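Engineer: Provided herewith: structure.txt, compact mmCIF, C-alpha atoms and all ligand atoms.
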```txt
# COMPACT_ATOMS: atom_id res chain seq x y z
CA MET A 1 -108.67 -82.01 125.99
CA SER A 2 -107.85 -79.02 123.84
CA ASP A 3 -107.69 -78.95 120.04
CA ASP A 4 -104.01 -78.21 120.04
CA THR A 5 -102.72 -81.24 121.85
CA TYR A 6 -101.18 -83.59 119.36
CA ASP A 7 -102.21 -87.12 120.03
CA PRO A 8 -100.20 -89.71 118.06
CA ASN A 9 -103.27 -91.92 118.30
CA CYS A 10 -105.18 -89.54 116.05
CA GLU A 11 -103.26 -90.43 112.92
CA ALA A 12 -103.81 -94.14 113.40
CA ILE A 13 -107.43 -93.76 114.42
CA ALA A 14 -108.56 -91.15 111.89
CA PRO A 15 -109.23 -93.51 108.94
CA LEU A 16 -111.67 -95.36 111.19
CA ILE A 17 -113.87 -92.29 110.94
CA SER A 18 -114.36 -93.02 107.26
CA GLY A 19 -114.78 -96.69 108.01
CA ALA A 20 -117.57 -95.85 110.44
CA LEU A 21 -119.32 -93.61 107.90
CA ASP A 22 -119.19 -96.46 105.42
CA ASN A 23 -120.30 -99.15 107.87
CA GLU A 24 -117.14 -101.09 107.28
CA LEU A 25 -115.73 -101.37 110.81
CA THR A 26 -115.35 -104.49 112.90
CA GLN A 27 -116.85 -104.49 116.37
CA GLN A 28 -113.40 -103.96 117.82
CA GLN A 29 -112.58 -101.02 115.54
CA HIS A 30 -115.91 -99.47 116.42
CA GLN A 31 -115.09 -99.57 120.10
CA GLN A 32 -111.61 -98.21 119.49
CA LEU A 33 -113.02 -95.28 117.54
CA HIS A 34 -115.71 -94.45 120.06
CA LEU A 35 -113.28 -94.48 122.95
CA HIS A 36 -111.04 -92.09 121.04
CA LEU A 37 -113.84 -89.77 119.92
CA ALA A 38 -115.07 -89.49 123.50
CA ALA A 39 -111.66 -88.14 124.49
CA CYS A 40 -110.57 -86.22 121.37
CA ALA A 41 -112.38 -83.05 120.34
CA LYS A 42 -110.34 -82.70 117.17
CA CYS A 43 -111.35 -86.09 115.77
CA SER A 44 -114.95 -85.61 116.86
CA LYS A 45 -115.02 -82.44 114.81
CA VAL A 46 -113.57 -84.25 111.79
CA TYR A 47 -116.23 -86.93 112.22
CA GLN A 48 -119.00 -84.30 112.17
CA GLU A 49 -117.51 -82.55 109.15
CA LEU A 50 -117.03 -85.67 107.07
CA SER A 51 -120.46 -86.94 107.96
CA ALA A 52 -121.98 -83.70 106.68
CA LEU A 53 -119.75 -83.72 103.60
CA ARG A 54 -120.90 -87.20 102.78
CA GLY A 55 -124.53 -86.08 102.88
CA THR A 56 -123.77 -83.13 100.60
CA LEU A 57 -121.96 -85.31 98.10
CA LYS A 58 -124.71 -87.94 98.03
CA ALA A 59 -127.35 -85.27 97.59
CA ASP A 60 -125.37 -83.73 94.74
CA PHE A 61 -125.11 -87.06 92.92
CA THR A 62 -128.81 -87.74 93.37
CA HIS A 63 -129.64 -84.25 92.15
CA ARG A 64 -127.49 -84.62 89.04
CA GLN A 65 -129.02 -88.00 88.31
CA GLN A 66 -132.52 -86.54 88.53
CA GLN A 67 -131.50 -83.66 86.28
CA GLN A 68 -130.20 -86.21 83.80
CA LEU A 69 -133.56 -88.01 83.83
CA VAL A 70 -135.41 -84.74 83.27
CA THR A 71 -133.19 -83.82 80.29
CA GLU A 72 -133.74 -87.23 78.75
CA SER A 73 -137.50 -87.21 79.11
CA SER A 74 -137.89 -83.56 78.05
CA GLY A 75 -136.26 -84.46 74.70
CA ALA A 76 -138.84 -87.14 74.11
CA GLN A 77 -141.64 -84.82 75.26
CA ARG A 78 -140.60 -82.15 72.76
CA VAL A 79 -140.88 -84.63 69.87
CA ASN A 80 -144.34 -85.62 71.12
CA LEU A 81 -145.44 -82.02 71.38
CA ILE A 82 -144.31 -81.16 67.85
CA ALA A 83 -146.12 -84.22 66.46
CA TRP A 84 -149.35 -83.20 68.23
CA TRP A 85 -149.15 -79.66 66.88
CA VAL A 86 -148.62 -80.88 63.31
CA LEU A 87 -151.62 -83.21 63.64
CA LEU A 88 -153.77 -80.42 65.09
CA ILE A 89 -152.90 -77.92 62.35
CA CYS A 90 -153.47 -80.46 59.57
CA GLY A 91 -156.80 -81.39 61.15
CA LEU A 92 -157.88 -77.74 61.27
CA ILE A 93 -156.96 -77.15 57.62
CA LEU A 94 -158.94 -80.24 56.57
CA ALA A 95 -161.95 -79.18 58.66
CA VAL A 96 -162.01 -75.64 57.24
CA ALA A 97 -161.63 -76.94 53.67
CA GLY A 98 -164.42 -79.45 54.29
CA VAL A 99 -166.82 -76.80 55.62
CA VAL A 100 -166.08 -74.39 52.76
CA SER A 101 -166.53 -77.02 50.05
CA PHE A 102 -169.72 -78.32 51.72
CA TRP A 103 -171.33 -74.85 51.87
CA PHE A 104 -170.23 -73.53 48.52
CA GLY A 105 -169.34 -76.56 46.43
CA SER A 106 -172.14 -79.03 47.00
CA ASP A 107 -175.71 -79.09 45.67
CA SER A 108 -177.31 -80.17 48.96
CA PRO A 109 -180.43 -78.19 50.01
CA VAL A 110 -179.87 -75.27 52.40
CA TRP A 111 -181.71 -76.92 55.33
CA LEU A 112 -179.28 -79.88 55.15
CA LYS A 113 -176.34 -77.51 55.15
CA VAL A 114 -177.70 -75.71 58.24
CA VAL A 115 -178.43 -78.95 60.15
CA MET A 116 -175.03 -80.46 59.32
CA SER A 117 -173.29 -77.26 60.44
CA LEU A 118 -175.17 -77.30 63.76
CA VAL A 119 -174.16 -80.94 64.32
CA GLY A 120 -170.59 -80.00 63.52
CA PHE A 121 -170.57 -77.03 65.93
CA SER A 122 -172.04 -79.13 68.76
CA LEU A 123 -169.40 -81.80 68.31
CA LEU A 124 -166.69 -79.13 68.28
CA ALA A 125 -168.09 -77.55 71.47
CA LEU A 126 -168.17 -80.93 73.22
CA PHE A 127 -164.62 -81.67 72.13
CA LEU A 128 -163.30 -78.29 73.34
CA ASN A 129 -165.05 -78.70 76.67
CA VAL A 130 -163.49 -82.11 77.27
CA LEU A 131 -160.11 -80.71 76.24
CA LYS A 132 -160.45 -77.83 78.69
CA GLN A 133 -161.26 -80.22 81.55
CA ARG A 134 -158.33 -82.44 80.65
CA LEU A 135 -155.94 -79.51 80.59
CA GLN A 136 -157.14 -78.26 83.97
CA HIS A 137 -156.74 -81.75 85.38
CA ALA A 138 -153.25 -82.10 83.95
CA LYS A 139 -152.18 -78.78 85.48
CA SER A 140 -153.35 -79.72 88.95
CA ASP A 141 -152.19 -83.33 88.77
CA PRO A 142 -149.26 -83.77 91.15
CA TYR A 143 -148.22 -87.02 89.51
CA THR A 144 -147.34 -85.69 86.05
CA LYS A 145 -143.70 -85.29 87.01
CA VAL A 146 -143.38 -88.83 88.32
CA LYS A 147 -141.48 -91.05 85.95
CA LEU A 148 -143.01 -94.50 85.80
CA MET B 1 -130.45 -112.14 69.13
CA GLN B 2 -132.59 -109.00 68.85
CA LYS B 3 -134.65 -110.26 71.74
CA ARG B 4 -131.56 -110.69 73.91
CA HIS B 5 -130.54 -107.10 73.18
CA GLN B 6 -133.96 -105.88 74.14
CA GLN B 7 -133.97 -107.85 77.36
CA ARG B 8 -130.55 -106.53 78.34
CA PHE B 9 -131.48 -102.99 77.45
CA GLN B 10 -134.52 -103.17 79.69
CA GLN B 11 -132.30 -104.29 82.56
CA LEU B 12 -129.73 -101.55 81.97
CA GLN B 13 -132.16 -98.75 81.19
CA PRO B 14 -132.90 -97.68 84.81
CA HIS B 15 -129.16 -97.20 85.41
CA LEU B 16 -128.31 -95.17 82.31
CA ALA B 17 -128.90 -91.76 83.86
CA GLY B 18 -126.60 -92.75 86.70
CA ALA B 19 -124.01 -94.03 84.26
CA GLN B 20 -124.08 -90.68 82.44
CA VAL B 21 -123.45 -88.82 85.72
CA LEU B 22 -120.66 -91.27 86.49
CA ALA B 23 -119.00 -90.66 83.10
CA GLU B 24 -119.37 -86.92 83.58
CA SER B 25 -117.46 -87.10 86.84
CA TYR B 26 -114.47 -88.38 84.85
CA PHE B 27 -114.70 -85.94 81.92
CA ARG B 28 -116.95 -83.11 82.90
CA CYS B 29 -117.87 -82.84 79.26
CA GLN B 30 -121.41 -83.99 78.61
CA GLN B 31 -120.81 -84.89 74.98
CA ARG B 32 -117.74 -86.96 75.69
CA ALA B 33 -119.49 -88.68 78.58
CA ALA B 34 -122.44 -89.47 76.34
CA ASP B 35 -120.12 -90.92 73.67
CA VAL B 36 -118.37 -93.17 76.17
CA LEU B 37 -121.73 -94.25 77.57
CA GLN B 38 -122.93 -95.11 74.08
CA ASP B 39 -119.82 -97.24 73.47
CA SER B 40 -120.24 -98.96 76.82
CA LEU B 41 -123.86 -99.69 76.12
CA GLU B 42 -123.08 -101.24 72.75
CA ALA B 43 -120.45 -103.43 74.36
CA ALA B 44 -122.80 -104.36 77.19
CA LEU B 45 -125.54 -105.46 74.80
CA THR B 46 -123.26 -107.78 72.86
CA THR B 47 -120.88 -109.19 75.49
CA GLU B 48 -120.86 -112.86 76.40
CA GLN B 49 -120.52 -112.17 80.15
CA PHE B 50 -123.68 -110.33 81.03
CA PRO B 51 -124.30 -110.29 84.80
CA SER B 52 -127.41 -111.36 86.67
CA ALA B 53 -130.06 -108.73 87.34
CA GLU B 54 -128.93 -107.78 90.85
CA HIS B 55 -125.34 -107.11 89.74
CA CYS B 56 -126.42 -105.13 86.72
CA ARG B 57 -125.85 -101.65 88.08
CA ALA B 58 -122.43 -102.31 89.59
CA TRP B 59 -121.36 -104.13 86.45
CA LEU B 60 -122.50 -101.37 84.10
CA PHE B 61 -120.77 -98.74 86.22
CA GLN B 62 -117.56 -100.70 86.10
CA VAL B 63 -117.75 -101.04 82.31
CA VAL B 64 -118.35 -97.30 82.01
CA ARG B 65 -115.52 -96.48 84.41
CA ASN B 66 -113.08 -98.70 82.47
CA ARG B 67 -114.03 -97.06 79.20
CA CYS B 68 -113.66 -93.60 80.68
CA ILE B 69 -110.16 -94.42 81.84
CA ASP B 70 -109.31 -95.93 78.45
CA SER B 71 -110.49 -92.76 76.80
CA LEU B 72 -108.43 -90.60 79.17
CA ARG B 73 -105.37 -92.77 78.48
CA LYS B 74 -105.84 -92.43 74.74
CA GLN B 75 -106.09 -88.70 75.12
CA ARG B 76 -102.77 -88.70 76.94
CA LYS B 77 -101.13 -90.77 74.20
CA LEU B 78 -102.50 -88.55 71.44
CA SER B 79 -101.36 -85.39 73.13
CA ASN B 80 -97.89 -87.00 73.07
CA ASP B 81 -96.68 -85.03 75.99
CA ASP B 82 -94.94 -86.65 78.92
CA SER B 83 -95.83 -83.89 81.29
CA PHE B 84 -99.48 -84.38 80.39
CA ASP B 85 -101.07 -85.92 83.44
CA PHE B 86 -104.30 -87.71 82.62
CA THR B 87 -105.15 -87.76 86.27
CA SER B 88 -105.57 -84.01 86.36
CA ALA B 89 -105.99 -83.23 82.67
CA THR B 90 -109.74 -83.13 82.93
CA ALA B 91 -109.81 -80.32 85.43
CA GLU B 92 -110.75 -77.96 82.63
CA SER B 93 -112.86 -74.90 82.81
CA THR B 94 -116.13 -76.75 82.19
CA ALA B 95 -116.31 -77.54 85.87
CA THR B 96 -116.63 -73.90 86.75
CA GLU B 97 -119.62 -73.48 84.47
CA GLU B 98 -122.76 -72.13 85.98
CA GLY B 99 -125.19 -74.63 87.41
CA TYR B 100 -122.55 -76.89 88.88
CA SER B 101 -122.71 -77.10 92.65
CA GLU B 102 -119.81 -76.12 94.89
CA VAL B 103 -119.25 -79.70 95.93
CA HIS B 104 -119.24 -80.84 92.31
CA GLN B 105 -116.61 -78.25 91.44
CA ALA B 106 -114.54 -79.16 94.48
CA LEU B 107 -114.70 -82.83 93.52
CA ALA B 108 -113.64 -81.95 89.99
CA ALA B 109 -110.58 -80.17 91.32
CA LEU B 110 -109.26 -83.26 93.14
CA PRO B 111 -106.56 -85.48 91.62
CA PHE B 112 -107.96 -88.37 89.62
CA GLU B 113 -107.24 -91.10 92.22
CA GLN B 114 -109.13 -89.26 94.94
CA ARG B 115 -112.05 -88.34 92.73
CA ASP B 116 -112.21 -91.91 91.47
CA ILE B 117 -112.35 -93.59 94.87
CA LEU B 118 -114.96 -91.10 96.12
CA VAL B 119 -117.15 -91.72 93.10
CA LEU B 120 -116.82 -95.48 93.51
CA ARG B 121 -117.87 -95.27 97.13
CA GLU B 122 -120.46 -92.48 97.27
CA PHE B 123 -121.98 -92.79 93.86
CA SER B 124 -121.51 -96.37 92.74
CA ASP B 125 -122.08 -97.64 96.32
CA CYS B 126 -119.18 -100.07 96.14
CA SER B 127 -118.13 -101.90 99.30
CA TYR B 128 -114.50 -101.71 100.42
CA ALA B 129 -113.99 -105.23 99.10
CA ALA B 130 -115.37 -104.22 95.70
CA ILE B 131 -113.25 -101.06 95.59
CA ALA B 132 -110.13 -103.06 96.45
CA ASP B 133 -111.01 -105.42 93.64
CA ILE B 134 -111.61 -102.68 91.08
CA LEU B 135 -108.52 -100.66 91.98
CA GLY B 136 -106.34 -103.73 92.45
CA VAL B 137 -105.20 -102.76 95.94
CA ALA B 138 -105.33 -104.48 99.32
CA GLU B 139 -108.62 -104.10 101.16
CA GLY B 140 -106.80 -102.62 104.14
CA THR B 141 -105.66 -99.56 102.16
CA VAL B 142 -109.13 -98.64 100.90
CA MET B 143 -110.22 -97.10 104.19
CA SER B 144 -107.18 -94.85 104.55
CA ARG B 145 -107.28 -93.79 100.89
CA LEU B 146 -110.94 -92.93 101.13
CA HIS B 147 -110.31 -91.02 104.30
CA ARG B 148 -107.56 -88.98 102.69
CA ALA B 149 -109.79 -88.29 99.69
CA ARG B 150 -112.59 -87.08 101.97
CA LEU B 151 -110.25 -84.82 103.90
CA ALA B 152 -108.96 -83.40 100.62
CA LEU B 153 -112.48 -82.77 99.37
CA SER B 154 -113.45 -81.12 102.64
CA LYS B 155 -110.39 -78.88 102.47
CA GLU B 156 -111.03 -77.96 98.84
CA LEU B 157 -114.65 -77.18 99.58
CA GLN B 158 -113.72 -74.95 102.52
CA ARG B 159 -111.13 -73.18 100.39
CA ARG B 160 -113.77 -72.43 97.76
CA MET B 161 -116.30 -71.28 100.31
CA GLY B 162 -113.68 -68.99 101.79
CA GLU B 163 -112.85 -67.53 98.38
CA SER B 164 -116.42 -66.83 97.41
CA GLN B 165 -117.13 -64.91 100.58
ZN ZN A 201 -108.02 -87.62 117.79
```
With the file now loaded, output its structure as structure tokens.
Structural biologist:
Amino acid sequence: MSDDTYDPNCEAIAPLISGALDNELTQQQHQQLHLHLAACAKCSKVYQELSALRGTLKADFTHRQQQQLVTESSGAQRVNLIAWWVLLICGLILAVAGVVSFWFGSDSPVWLKVVMSLVGFSLLALFLNVLKQRLQHAKSDPYTKVKL
Amino acid sequence: MQKRHQQRFQQLQPHLAGAQVLAESYFRCQQRAADVLQDSLEAALTTEQFPSAEHCRAWLFQVVRNRCIDSLRKQRKLSNDDSFDFTSATAESTATEEGYSEVHQALAALPFEQRDILVLREFSDCSYAAIADILGVAEGTVMSRLHRARLALSKELQRRMGESQ
């Protein structure tokens, strides 16, 4: 049957295409539709088109919803990041001030100053090493983007 | 009281991103959608008729949809213009902004009734019975309306694809 033949059935049957896509047809309607589709190229084409359109629309909604989630969580992440930076900078200032006042402001013997400094440097080195490992892990962790 | 709010918020929270997208499909203005969502959420936390957990999503979406339509109606009243058609008034330029998909823009260009029924079905996952209930029409007309809306969307999308080539 060619595309051009006008079948009065088409108009009555066509909405069933949507009903089929939505799983809302009765057994009888299903049969009716399938008999028609088998004989009508025009309606078969519409069925294919709408089925594809439905997929596109669903995917678009899902995509927008995910984008929405990302925007929401990135706002919260930014606040977290700023707070961590402020803490880090304050910590550094305190540490530098502490070291300076310990070396130049206190009356402790020189050997104590040297030993305490070495202890301090070792702790700092350990801390930086752990931090480096954590960062590497975080970068290669495929689950960081998963929202729990 | 506070505890009840918290409990409800925890139930609604997973659906808020979806509700925002839903509101945006009525306004296509993120700020306005966010405002309506905020209003809806406040109402949802204090209402006497809060649904059971499994109906939460559908219920929230319906509250948001009602508020969106109220807001569109108010806009029409304020503009005080009889020719102002709230069903198409939202088809403003925002929809053509970058980053919006072709299908999103095509959907935005449809008349309100068609956009509405498509969103109810494809996004809110309403059954035909639920759509008939929400729109206040007979269940038998839902299928044909949806079909017309889909055909219109398909046509609009093809028109846009043709233009951009
Ligand atoms: Zn046919």
Engineer: From the options B:Ala58, B:Val36, B:Val137, B:Val103, which residue's atoms come nearest to Arg115 of chain B, counting all atoms listed in the file?
Structural biologist: B:Val103
Engineer: With only C-alpha atoms considered, list every residue of chain A at most 8 Å from chain B, as a PyMOL selection string.
Structural biologist: chain A and resi 14-19+24+49-50+53-54+56-58+60-61+64-66+68-69
Engineer: All residues within 8 Å of ligand ZN 201 (chain A) are required, counting only C-alpha atoms and all ligand atoms; please report them as a list in words.
Structural biologist: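 Those residues are Asp7, Asn9, Cys10, Glu11, Ile13, Ala14, His36, Leu37, Ala39, Cys40, Ala41, Lys42, Cys43 and Ser44 of chain A.
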Engineer: Just give me the gap between atom CA of Leu12 of chain B and atom CA of Asn66 of chain B in Å, one decimal is fine.
Structural biologist: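 These atoms are spaced 16.9 Å apart.
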Engineer: For atom CA of Gln10 of chain B and atom CA of Glu54 of chain B, quote the distance in Å rounded to one decimal.
Structural biologist: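 Between these atoms lies a distance of 13.3 Å.
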Engineer: I'd like to know which of A:Leu21, A:Leu33, A:Val79, A:Lys132 is closest to Gln48 of chain A, using only C-alpha atoms.
Structural biologist: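 The answer is A:Leu21, which sits nearest to Gln48 of chain A.
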Engineer: Nearest residue to Gln62 of chain B out of B:Ala138, B:Ala149, B:Leu37, B:Ala106, using only C-alpha atoms?
Structural biologist: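 Comparing B:Ala138, B:Ala149, B:Leu37, B:Ala106 against Gln62 of chain B, the winner is B:Leu37.
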Engineer: Atom CA of Gln38 of chain B to atom CA of Thr62 of chain A: how many Å, to one decimal?
Structural biologist: 21.5 Å
Engineer: Identify, on the basis of all atoms listed in the file, every residue whose closest approach to Arg4 of chain B does not exceed 12 Å; exclude the query and any residue fewer than 6 positions from it along the same chain; express the result as a PyMOL selection string.
Structural biologist: chain B and resi 10-11+44-48+50
Engineer: Starting from the point (-119.2, -82.8, 85.0), work out which residues of protein, DNA or RNA have an atom no more than 9 Å away when counting all atoms listed in the file; state them as number ranges by chain.
Structural biologist: B: 21-30, 33, 94-95, 100, 104-105, 108
Engineer: With C-alpha atoms retained, could you export that selection as a CSV table (one decimal), in the coordinates of the input?
Structural biologist:
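Resulting contents of again.csv:
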```
chain,number,residue,atom,x,y,z
B,21,VAL,CA,-123.4,-88.8,85.7
B,22,LEU,CA,-120.7,-91.3,86.5
B,23,ALA,CA,-119.0,-90.7,83.1
B,24,GLU,CA,-119.4,-86.9,83.6
B,25,SER,CA,-117.5,-87.1,86.8
B,26,TYR,CA,-114.5,-88.4,84.8
B,27,PHE,CA,-114.7,-85.9,81.9
B,28,ARG,CA,-117.0,-83.1,82.9
B,29,CYS,CA,-117.9,-82.8,79.3
B,30,GLN,CA,-121.4,-84.0,78.6
B,33,ALA,CA,-119.5,-88.7,78.6
B,94,THR,CA,-116.1,-76.8,82.2
B,95,ALA,CA,-116.3,-77.5,85.9
B,100,TYR,CA,-122.6,-76.9,88.9
B,104,HIS,CA,-119.2,-80.8,92.3
B,105,GLN,CA,-116.6,-78.2,91.4
B,108,ALA,CA,-113.6,-82.0,90.0
```
